[in-house]
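Asks: What follows is start-v4.pdb, PDB, C-alpha atoms and all ligand atoms.
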ATOM      1  CA  MET A   1      -4.167   2.096  -6.872
ATOM      2  CA  GLU A   2      -2.093  -0.045  -4.581
ATOM      3  CA  ILE A   3       1.365  -0.804  -5.948
ATOM      4  CA  ILE A   4       3.096  -3.742  -4.294
ATOM      5  CA  VAL A   5       6.741  -4.079  -5.294
ATOM      6  CA  GLN A   6       8.334  -7.431  -4.550
ATOM      7  CA  PRO A   7      12.022  -8.290  -4.974
ATOM      8  CA  THR A   8      11.458 -11.323  -7.186
ATOM      9  CA  TYR A   9       8.893 -13.047  -9.385
ATOM     10  CA  ALA A  10       8.561 -15.831  -6.775
ATOM     11  CA  GLN A  11       7.551 -13.294  -4.112
ATOM     12  CA  LEU A  12       5.140 -11.577  -6.510
ATOM     13  CA  VAL A  13       3.510 -14.961  -7.077
ATOM     14  CA  ALA A  14       3.289 -15.685  -3.336
ATOM     15  CA  VAL A  15       1.580 -12.341  -2.587
ATOM     16  CA  SER A  16      -0.918 -12.676  -5.440
ATOM     17  CA  ALA A  17      -1.752 -16.309  -4.580
ATOM     18  CA  GLU A  18      -2.421 -15.300  -0.961
ATOM     19  CA  ILE A  19      -4.822 -12.573  -2.053
ATOM     20  CA  ILE A  20      -6.819 -15.055  -4.142
ATOM     21  CA  ARG A  21      -6.688 -17.770  -1.474
ATOM     22  CA  ASP A  22      -7.980 -15.366   1.204
ATOM     23  CA  ALA A  23     -10.796 -14.193  -1.080
ATOM     24  CA  LEU A  24     -11.715 -17.792  -1.901
ATOM     25  CA  LEU A  25     -11.781 -18.777   1.773
ATOM     26  CA  LYS A  26     -14.209 -15.906   2.404
ATOM     27  CA  LYS A  27     -16.333 -16.611  -0.685
ATOM     28  CA  PRO A  28     -16.254 -20.222  -1.938
ATOM     29  CA  ASN A  29     -18.204 -19.300  -5.086
ATOM     30  CA  LEU A  30     -15.693 -16.624  -6.054
ATOM     31  CA  VAL A  31     -15.957 -15.334  -9.623
ATOM     32  CA  LEU A  32     -12.471 -15.040 -11.054
ATOM     33  CA  GLY A  33     -11.439 -13.263 -14.217
ATOM     34  CA  LEU A  34      -8.363 -14.987 -15.569
ATOM     35  CA  ALA A  35      -5.467 -13.993 -17.789
ATOM     36  CA  THR A  36      -3.039 -15.954 -19.919
ATOM     37  CA  GLY A  37       0.576 -15.175 -20.866
ATOM     38  CA  SER A  38       3.688 -16.268 -19.022
ATOM     39  CA  THR A  39       3.250 -13.901 -16.068
ATOM     40  CA  PRO A  40       0.302 -15.603 -14.288
ATOM     41  CA  ILE A  41       1.685 -19.149 -14.738
ATOM     42  CA  GLY A  42       3.415 -19.036 -11.330
ATOM     43  CA  LEU A  43       0.171 -17.850  -9.719
ATOM     44  CA  TYR A  44      -1.763 -20.779 -11.199
ATOM     45  CA  GLU A  45       0.932 -23.195 -10.052
ATOM     46  CA  ALA A  46       0.808 -21.728  -6.531
ATOM     47  CA  LEU A  47      -2.999 -22.047  -6.393
ATOM     48  CA  ALA A  48      -2.748 -25.627  -7.670
ATOM     49  CA  ARG A  49      -0.245 -26.376  -4.871
ATOM     50  CA  MET A  50      -2.635 -24.853  -2.304
ATOM     51  CA  HIS A  51      -5.372 -27.111  -3.667
ATOM     52  CA  LYS A  52      -3.177 -30.202  -3.489
ATOM     53  CA  THR A  53      -1.540 -29.632  -0.133
ATOM     54  CA  ASP A  54      -4.126 -27.594   1.824
ATOM     55  CA  GLY A  55      -7.288 -28.698   0.059
ATOM     56  CA  LEU A  56      -8.102 -25.212  -1.264
ATOM     57  CA  ASP A  57     -11.495 -25.825  -2.822
ATOM     58  CA  PHE A  58     -12.355 -24.591  -6.314
ATOM     59  CA  SER A  59     -15.538 -26.648  -6.714
ATOM     60  CA  GLU A  60     -17.812 -23.602  -6.597
ATOM     61  CA  VAL A  61     -15.479 -21.153  -8.352
ATOM     62  CA  ILE A  62     -16.630 -19.611 -11.629
ATOM     63  CA  THR A  63     -14.072 -18.273 -14.089
ATOM     64  CA  PHE A  64     -14.119 -15.995 -17.112
ATOM     65  CA  ASN A  65     -11.023 -15.670 -19.240
ATOM     66  CA  LEU A  66     -10.101 -12.343 -20.722
ATOM     67  CA  ASP A  67      -9.464 -13.436 -24.257
ATOM     68  CA  GLU A  68      -8.851 -16.067 -26.926
ATOM     69  CA  TYR A  69      -7.316 -16.027 -30.386
ATOM     70  CA  VAL A  70      -9.673 -16.093 -33.332
ATOM     71  CA  GLY A  71      -9.178 -18.747 -35.988
ATOM     72  CA  ILE A  72      -7.541 -21.597 -34.092
ATOM     73  CA  PRO A  73      -9.616 -24.417 -32.595
ATOM     74  CA  PRO A  74      -9.942 -24.654 -28.802
ATOM     75  CA  ASN A  75      -7.817 -27.825 -28.803
ATOM     76  CA  HIS A  76      -4.954 -26.104 -30.675
ATOM     77  CA  PRO A  77      -1.777 -26.439 -28.560
ATOM     78  CA  CYS A  78      -1.367 -22.636 -28.479
ATOM     79  CA  SER A  79      -4.990 -21.707 -27.780
ATOM     80  CA  TYR A  80      -5.840 -20.089 -24.477
ATOM     81  CA  HIS A  81      -8.289 -22.966 -23.875
ATOM     82  CA  THR A  82      -5.333 -25.367 -23.930
ATOM     83  CA  PHE A  83      -3.216 -22.951 -21.871
ATOM     84  CA  MET A  84      -5.818 -22.767 -19.106
ATOM     85  CA  GLU A  85      -6.347 -26.519 -18.974
ATOM     86  CA  MET A  86      -2.624 -27.167 -18.846
ATOM     87  CA  HIS A  87      -1.679 -24.519 -16.318
ATOM     88  CA  PHE A  88      -4.712 -24.403 -14.063
ATOM     89  CA  PHE A  89      -8.012 -26.140 -14.732
ATOM     90  CA  ASN A  90      -6.588 -29.677 -14.850
ATOM     91  CA  ALA A  91      -4.690 -29.085 -11.612
ATOM     92  CA  VAL A  92      -7.626 -28.053  -9.388
ATOM     93  CA  ASN A  93     -11.150 -29.308  -8.685
ATOM     94  CA  ILE A  94     -12.892 -26.664 -10.769
ATOM     95  CA  ARG A  95     -16.010 -27.740 -12.696
ATOM     96  CA  PRO A  96     -15.539 -27.541 -16.467
ATOM     97  CA  GLU A  97     -19.029 -26.055 -16.823
ATOM     98  CA  ASN A  98     -17.977 -23.175 -14.558
ATOM     99  CA  CYS A  99     -15.024 -22.186 -16.770
ATOM    100  CA  HIS A 100     -15.737 -19.650 -19.497
ATOM    101  CA  ILE A 101     -13.306 -18.721 -22.248
ATOM    102  CA  PRO A 102     -14.195 -16.693 -25.339
ATOM    103  CA  GLN A 103     -14.731 -18.898 -28.380
ATOM    104  CA  SER A 104     -11.898 -18.984 -30.874
ATOM    105  CA  THR A 105     -14.021 -18.563 -33.970
ATOM    106  CA  ALA A 106     -15.276 -15.350 -35.511
ATOM    107  CA  VAL A 107     -18.546 -17.005 -36.617
ATOM    108  CA  ALA A 108     -21.519 -15.178 -35.068
ATOM    109  CA  HIS A 109     -19.050 -13.458 -32.816
ATOM    110  CA  GLU A 110     -21.240 -10.461 -32.006
ATOM    111  CA  GLU A 111     -23.915 -12.685 -30.477
ATOM    112  CA  PHE A 112     -21.237 -14.633 -28.679
ATOM    113  CA  CYS A 113     -19.724 -11.453 -27.224
ATOM    114  CA  GLU A 114     -23.115 -10.311 -25.960
ATOM    115  CA  ARG A 115     -23.734 -13.711 -24.359
ATOM    116  CA  TYR A 116     -20.288 -13.614 -22.744
ATOM    117  CA  GLU A 117     -21.021 -10.246 -21.163
ATOM    118  CA  ALA A 118     -24.448 -11.487 -20.036
ATOM    119  CA  ALA A 119     -22.917 -14.608 -18.472
ATOM    120  CA  ILE A 120     -20.562 -12.428 -16.402
ATOM    121  CA  VAL A 121     -23.528 -10.404 -15.158
ATOM    122  CA  ASP A 122     -25.527 -13.604 -14.424
ATOM    123  CA  ALA A 123     -22.643 -14.894 -12.329
ATOM    124  CA  GLY A 124     -22.875 -11.737 -10.206
ATOM    125  CA  GLY A 125     -19.917  -9.961 -11.825
ATOM    126  CA  ILE A 126     -16.225 -10.680 -11.530
ATOM    127  CA  ASP A 127     -14.878 -10.524  -7.964
ATOM    128  CA  ILE A 128     -11.193 -10.525  -8.861
ATOM    129  CA  GLN A 129      -9.847  -9.955 -12.358
ATOM    130  CA  VAL A 130      -6.281 -11.182 -12.838
ATOM    131  CA  LEU A 131      -4.423  -9.148 -15.460
ATOM    132  CA  GLY A 132      -1.043  -9.140 -17.113
ATOM    133  CA  ILE A 133       0.195  -6.230 -19.184
ATOM    134  CA  GLY A 134       1.595  -6.063 -22.690
ATOM    135  CA  LYS A 135       4.785  -4.129 -23.427
ATOM    136  CA  ASP A 136       2.598  -1.508 -25.104
ATOM    137  CA  GLY A 137       0.331  -1.249 -22.060
ATOM    138  CA  HIS A 138      -2.461  -3.500 -23.323
ATOM    139  CA  ILE A 139      -4.699  -5.462 -20.979
ATOM    140  CA  GLY A 140      -6.486  -8.548 -22.282
ATOM    141  CA  PHE A 141      -6.051  -7.938 -25.991
ATOM    142  CA  ASN A 142      -7.150  -4.313 -25.751
ATOM    143  CA  GLU A 143      -4.440  -2.779 -27.834
ATOM    144  CA  PRO A 144      -3.487   0.927 -27.702
ATOM    145  CA  SER A 145      -6.342   3.069 -29.077
ATOM    146  CA  SER A 146      -8.981   0.692 -27.651
ATOM    147  CA  SER A 147     -11.930   2.616 -26.293
ATOM    148  CA  LEU A 148     -11.691   2.885 -22.537
ATOM    149  CA  GLY A 149     -15.397   1.978 -22.452
ATOM    150  CA  SER A 150     -15.125  -0.988 -24.827
ATOM    151  CA  ARG A 151     -16.959  -4.281 -24.298
ATOM    152  CA  THR A 152     -16.158  -7.854 -25.354
ATOM    153  CA  ARG A 153     -15.409  -7.857 -29.081
ATOM    154  CA  ILE A 154     -12.920  -8.836 -31.771
ATOM    155  CA  LYS A 155      -9.655  -6.893 -31.882
ATOM    156  CA  THR A 156      -6.826  -6.918 -34.384
ATOM    157  CA  LEU A 157      -3.466  -7.485 -32.700
ATOM    158  CA  THR A 158      -0.599  -5.040 -33.148
ATOM    159  CA  GLN A 159       2.711  -6.079 -34.699
ATOM    160  CA  SER A 160       4.339  -5.679 -31.268
ATOM    161  CA  THR A 161       1.856  -8.139 -29.702
ATOM    162  CA  LEU A 162       2.263 -10.608 -32.573
ATOM    163  CA  GLU A 163       6.025 -10.514 -32.041
ATOM    164  CA  ALA A 164       5.728 -10.784 -28.252
ATOM    165  CA  ASN A 165       3.480 -13.854 -28.558
ATOM    166  CA  ALA A 166       5.457 -15.555 -31.353
ATOM    167  CA  PRO A 167       7.578 -17.630 -28.924
ATOM    168  CA  HIS A 168       4.374 -19.524 -28.035
ATOM    169  CA  PHE A 169       3.958 -20.312 -31.766
ATOM    170  CA  GLY A 170       7.406 -21.789 -32.348
ATOM    171  CA  GLY A 171       8.920 -18.331 -32.785
ATOM    172  CA  VAL A 172       7.018 -17.788 -36.041
ATOM    173  CA  VAL A 173       5.336 -14.354 -36.037
ATOM    174  CA  ASP A 174       3.200 -15.313 -39.044
ATOM    175  CA  ALA A 175       1.793 -18.277 -37.138
ATOM    176  CA  VAL A 176       0.235 -16.033 -34.472
ATOM    177  CA  PRO A 177      -3.470 -15.402 -35.177
ATOM    178  CA  LYS A 178      -3.974 -11.791 -36.184
ATOM    179  CA  MET A 179      -7.204 -11.308 -34.251
ATOM    180  CA  ALA A 180      -8.643 -12.192 -30.887
ATOM    181  CA  ILE A 181     -11.873 -11.934 -28.939
ATOM    182  CA  THR A 182     -11.234  -9.973 -25.767
ATOM    183  CA  MET A 183     -13.210  -8.564 -22.873
ATOM    184  CA  GLY A 184     -13.308  -4.822 -23.349
ATOM    185  CA  VAL A 185     -11.631  -2.250 -21.152
ATOM    186  CA  GLY A 186     -15.095  -1.316 -19.877
ATOM    187  CA  THR A 187     -15.808  -4.975 -19.076
ATOM    188  CA  ILE A 188     -12.564  -5.237 -17.104
ATOM    189  CA  MET A 189     -13.314  -2.007 -15.227
ATOM    190  CA  GLU A 190     -16.543  -3.533 -13.896
ATOM    191  CA  ALA A 191     -14.623  -6.214 -11.974
ATOM    192  CA  LYS A 192     -14.885  -5.570  -8.231
ATOM    193  CA  GLN A 193     -11.124  -5.878  -7.889
ATOM    194  CA  CYS A 194      -8.278  -5.996 -10.402
ATOM    195  CA  LEU A 195      -4.979  -7.706  -9.710
ATOM    196  CA  LEU A 196      -2.382  -6.785 -12.314
ATOM    197  CA  LEU A 197       0.872  -8.743 -12.314
ATOM    198  CA  ALA A 198       4.027  -7.629 -14.105
ATOM    199  CA  SER A 199       7.499  -9.068 -14.028
ATOM    200  CA  GLY A 200      10.761  -8.188 -15.735
ATOM    201  CA  GLU A 201      12.461  -5.192 -17.253
ATOM    202  CA  SER A 202      10.542  -5.511 -20.520
ATOM    203  CA  LYS A 203       7.392  -4.375 -18.659
ATOM    204  CA  ALA A 204       9.007  -1.413 -16.850
ATOM    205  CA  GLU A 205       8.036   1.224 -19.408
ATOM    206  CA  ALA A 206       4.437   0.011 -19.678
ATOM    207  CA  ILE A 207       4.136  -0.028 -15.887
ATOM    208  CA  SER A 208       5.511   3.477 -15.519
ATOM    209  CA  HIS A 209       3.059   4.785 -18.141
ATOM    210  CA  ALA A 210       0.145   2.864 -16.642
ATOM    211  CA  VAL A 211       0.821   3.982 -13.061
ATOM    212  CA  GLU A 212       2.337   7.434 -13.384
ATOM    213  CA  GLY A 213       1.346   8.577 -16.867
ATOM    214  CA  PRO A 214      -1.871  10.190 -18.049
ATOM    215  CA  ILE A 215      -5.028   8.104 -18.486
ATOM    216  CA  THR A 216      -5.130   7.471 -22.191
ATOM    217  CA  ALA A 217      -6.375   4.913 -24.701
ATOM    218  CA  GLU A 218      -2.741   4.848 -25.916
ATOM    219  CA  VAL A 219      -1.967   2.891 -22.715
ATOM    220  CA  PRO A 220      -5.127   0.898 -21.956
ATOM    221  CA  ALA A 221      -3.817  -0.211 -18.524
ATOM    222  CA  SER A 222      -3.670   3.448 -17.446
ATOM    223  CA  VAL A 223      -7.478   3.403 -17.070
ATOM    224  CA  LEU A 224      -6.944   1.300 -13.934
ATOM    225  CA  GLN A 225      -6.059   4.595 -12.229
ATOM    226  CA  MET A 226      -9.846   5.121 -12.246
ATOM    227  CA  HIS A 227     -10.609   1.707 -10.737
ATOM    228  CA  PRO A 228     -11.447   1.877  -7.024
ATOM    229  CA  ARG A 229      -9.782  -1.427  -6.106
ATOM    230  CA  THR A 230      -6.781  -2.208  -8.238
ATOM    231  CA  ILE A 231      -3.652  -3.822  -6.876
ATOM    232  CA  MET A 232      -0.582  -3.979  -9.087
ATOM    233  CA  ILE A 233       1.917  -6.561  -7.919
ATOM    234  CA  ILE A 234       5.201  -6.094  -9.707
ATOM    235  CA  ASP A 235       8.789  -7.167  -9.233
ATOM    236  CA  GLU A 236      11.762  -4.798  -8.900
ATOM    237  CA  ALA A 237      12.687  -5.241 -12.555
ATOM    238  CA  ALA A 238       9.248  -4.116 -13.708
ATOM    239  CA  ALA A 239       9.260  -1.265 -11.161
ATOM    240  CA  TRP A 240      12.563   0.361 -12.010
ATOM    241  CA  GLN A 241      11.108   3.226 -14.074
ATOM    242  CA  LEU A 242       8.596   4.265 -11.408
ATOM    243  CA  LYS A 243       9.370   7.667  -9.915
ATOM    244  CA  ARG A 244       7.562   7.066  -6.622
ATOM    245  CA  VAL A 245       8.719   3.525  -5.979
ATOM    246  CA  ASP A 246      10.028   4.341  -2.479
ATOM    247  CA  TYR A 247       6.652   5.788  -1.550
ATOM    248  CA  TYR A 248       4.789   2.693  -2.809
ATOM    249  CA  LYS A 249       7.084   0.502  -0.708
ATOM    250  CA  GLN A 250       6.453   2.702   2.327
ATOM    251  CA  VAL A 251       2.677   2.486   1.836
ATOM    252  CA  TYR A 252       2.848  -1.315   1.642
ATOM    253  CA  ALA A 253       5.172  -1.596   4.664
ATOM    254  CA  ASN A 254       2.808   0.563   6.726
ATOM    255  CA  LYS A 255      -0.171  -1.517   5.673
ATOM    256  CA  GLN A 256       1.607  -4.735   6.662
ATOM    257  CA  LYS A 257       2.500  -3.154  10.009
ATOM    258  CA  LEU A 258      -1.124  -2.233  10.686
ATOM    259  CA  LEU A 259      -2.254  -5.749   9.709
ATOM    260  CA  SER A 260       0.307  -7.367  12.011
ATOM    261  CA  GLN A 261      -1.059  -5.192  14.842
ATOM    262  CA  GLY A 262      -4.495  -6.606  14.155
ATOM    263  CA  HIS A 263      -6.045  -3.541  12.472
TER     264      HIS A 263
HETATM  265  C1  LIG B   1      -1.184 -11.440 -24.140
HETATM  266  C2  LIG B   1      -2.455 -11.625 -23.312
HETATM  267  C3  LIG B   1      -2.481 -10.647 -22.153
HETATM  268  C4  LIG B   1      -1.176 -10.734 -21.391
HETATM  269  C5  LIG B   1      -0.034 -10.352 -22.306
HETATM  270  C6  LIG B   1       1.320 -10.358 -21.617
HETATM  271  O1  LIG B   1      -1.281 -10.347 -24.975
HETATM  272  N1  LIG B   1      -3.611 -11.456 -24.093
HETATM  273  O2  LIG B   1      -3.584 -10.951 -21.304
HETATM  274  O3  LIG B   1      -1.212  -9.858 -20.289
HETATM  275  O4  LIG B   1      -0.018 -11.302 -23.357
HETATM  276  O5  LIG B   1       1.808 -11.655 -21.558
HETATM  277  P1  LIG B   1       3.103 -12.104 -20.769
HETATM  278  O6  LIG B   1       2.666 -12.279 -19.370
HETATM  279  O7  LIG B   1       3.503 -13.393 -21.414
HETATM  280  O8  LIG B   1       4.117 -11.029 -20.930
END
Written as structure tokens, how would this file's structure read?
Ligand code: GLP
Replies:
Amino acid sequence: MEIIVQPTYAQLVAVSAEIIRDALLKKPNLVLGLATGSTPIGLYEALARMHKTDGLDFSEVITFNLDEYVGIPPNHPCSYHTFMEMHFFNAVNIRPENCHIPQSTAVAHEEFCERYEAAIVDAGGIDIQVLGIGKDGHIGFNEPSSSLGSRTRIKTLTQSTLEANAPHFGGVVDAVPKMAITMGVGTIMEAKQCLLLASGESKAEAISHAVEGPITAEVPASVLQMHPRTIMIIDEAAAWQLKRVDYYKQVYANKQKLLSQGH
């Protein structure tokens, strides 16, 4: 795992946007796995700016979102469909037919989940999966105890996740849907590269468990230790509980040095 520690959220955003821009310039039909939550908003804004000012082209990009709440319509103001349109899709030249988000209804969900997995495979697999992390170490909506081999399915959200997401529902915990459809941990692990972003002190414990703790279903993000190409980009506040933070900074500094020397 590569751990990139940046002083601020703005710098974390800049580094992650550059990684996606460079990948997109190399592969115009990049397949992106996308996350919601407040953490990736800055990344989407940065990519939208690159589109507007430098003409970064998303016309051939295909996207698959990690998850969606069950039981609210796609046009609900708090749905992840609405979130993605507002924060990203409407701001770039992506084709609506290339954007995939799990459906927000539980009707025939098993068939839907199978089709979602098949669509990812048909697209050639996910090149870069953007991830956030929950305070309890969840990725997507794979709550603690999720099978590390799980596939796209319905999950019940924990009380901690309901509370964390309540601010998006007017602060009312009861208004947050209790279930969601989410890519599984196994689905996420098949992405060619994972880019996990974490910002703020509230994520420090989850990050320390995910990076330096044992691999366990209790902390679903810890499975990324087994992923061959995961980059975690975190700010100082999210990094403060890491024991080897100086080493991670040294690794990154050395890599930058080699790159600047043309290696
Ligand atoms: C939700 C999403 C996750 C996201 C997490 C953290 O649970 N399903 O994909 O990583 O929230 O969100 P935030 O970035 O707002 O802390």
Asks: Kindly give the distance, in Å, that separates atom CA of Pro177 of chain A and atom CA of Gly71 of chain A, rounded to a single decimal.
Replies: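 These atoms are spaced 6.7 Å apart.
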Asks: Please check which protein, DNA or RNA residues sit within 9 Å of ligand LIG 1 (chain B), counting all atoms listed in the file, and write them as a ChimeraX atom specification.
Replies: /A:34-41,66-69,80,130-135,137-143,157,161-162,164-165,180,182,196-200,202-203
Asks: Keeping C-alpha atoms, export the residues of the selection given above as a CSV table (one decimal), keeping the file's coordinate frame.
Replies:
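This went into out-v4.csv:
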chain,number,residue,atom,x,y,z
A,34,LEU,CA,-8.4,-15.0,-15.6
A,35,ALA,CA,-5.5,-14.0,-17.8
A,36,THR,CA,-3.0,-16.0,-19.9
A,37,GLY,CA,0.6,-15.2,-20.9
A,38,SER,CA,3.7,-16.3,-19.0
A,39,THR,CA,3.2,-13.9,-16.1
A,40,PRO,CA,0.3,-15.6,-14.3
A,41,ILE,CA,1.7,-19.1,-14.7
A,66,LEU,CA,-10.1,-12.3,-20.7
A,67,ASP,CA,-9.5,-13.4,-24.3
A,68,GLU,CA,-8.9,-16.1,-26.9
A,69,TYR,CA,-7.3,-16.0,-30.4
A,80,TYR,CA,-5.8,-20.1,-24.5
A,130,VAL,CA,-6.3,-11.2,-12.8
A,131,LEU,CA,-4.4,-9.1,-15.5
A,132,GLY,CA,-1.0,-9.1,-17.1
A,133,ILE,CA,0.2,-6.2,-19.2
A,134,GLY,CA,1.6,-6.1,-22.7
A,135,LYS,CA,4.8,-4.1,-23.4
A,137,GLY,CA,0.3,-1.2,-22.1
A,138,HIS,CA,-2.5,-3.5,-23.3
A,139,ILE,CA,-4.7,-5.5,-21.0
A,140,GLY,CA,-6.5,-8.5,-22.3
A,141,PHE,CA,-6.1,-7.9,-26.0
A,142,ASN,CA,-7.2,-4.3,-25.8
A,143,GLU,CA,-4.4,-2.8,-27.8
A,157,LEU,CA,-3.5,-7.5,-32.7
A,161,THR,CA,1.9,-8.1,-29.7
A,162,LEU,CA,2.3,-10.6,-32.6
A,164,ALA,CA,5.7,-10.8,-28.3
A,165,ASN,CA,3.5,-13.9,-28.6
A,180,ALA,CA,-8.6,-12.2,-30.9
A,182,THR,CA,-11.2,-10.0,-25.8
A,196,LEU,CA,-2.4,-6.8,-12.3
A,197,LEU,CA,0.9,-8.7,-12.3
A,198,ALA,CA,4.0,-7.6,-14.1
A,199,SER,CA,7.5,-9.1,-14.0
A,200,GLY,CA,10.8,-8.2,-15.7
A,202,SER,CA,10.5,-5.5,-20.5
A,203,LYS,CA,7.4,-4.4,-18.7
Asks: Work out how far atom CA of Thr216 of chain A is from atom CA of Thr105 of chain A, in Å to one decimal.
Replies: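 That distance, rounded to one decimal, is 29.9 Å.
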Asks: Name all residues at most 10 Å from Arg21 of chain A (count all atoms listed in the file; drop same-chain ones fewer than 5 positions away) and give them as a PyMOL selection string.
Replies: chain A and resi 15-16+26-28+46-47+50-51+56-57
Asks: Check the smallest atom-to-atom distance from each of A:Val223, A:Ala10, A:Leu30, A:Arg151 to Glu110 of chain A using all atoms listed in the file, then report the winner.
Replies: A:Arg151
Asks: Between A:Glu117, A:Asp174, A:Glu190, A:Glu205, which residue has the minimum interatomic distance to Asp136 of chain A, considering all atoms listed in the file?
Replies: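 Of all the options, A:Glu205 lies closest to Asp136 of chain A.
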Asks: With all atoms listed in the file as the basis for distance, which of A:Lys155, A:Arg244, A:His109, A:His81 is at the shortest distance from Pro96 of chain A?
Replies: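 Nearest to Pro96 of chain A: A:His81.
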Asks: Just want the 9 Å neighbourhood of Glu45 of chain A, counted on all atoms listed in the file, with same-chain residues fewer than 6 positions away dropped. Output as an MDAnalysis selection string.
Replies: chainID A and resid 87:88 91
Asks: Smallest atom-to-atom distance to Thr156 of chain A: which of A:Lys249, A:His100, A:Lys178, A:His76, using all atoms listed in the file?
Replies: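 With all atoms listed in the file as the atom set, the closest residue is A:Lys178.
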Asks: Selected by the PyMOL selection byres (((chain A and resi 92-95) around 6) and not hetatm) in the shown coordinates: which residues, as a VMD selection string?
Replies: chain A and resid 48 58 to 59 89 to 91 96 to 98
Asks: Please indicate the distance in Å from atom CA of Ile126 of chain A to atom CA of Glu85 of chain A, rounded to one decimal place.
Replies: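 These atoms are spaced 20.1 Å apart.
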Asks: When you count all atoms listed in the file, which of these residues is closest to Leu148 of chain A: A:Thr187, A:Asn65, A:Gln6, A:Gln256?
Replies: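 Smallest distance to Leu148 of chain A is found for A:Thr187.
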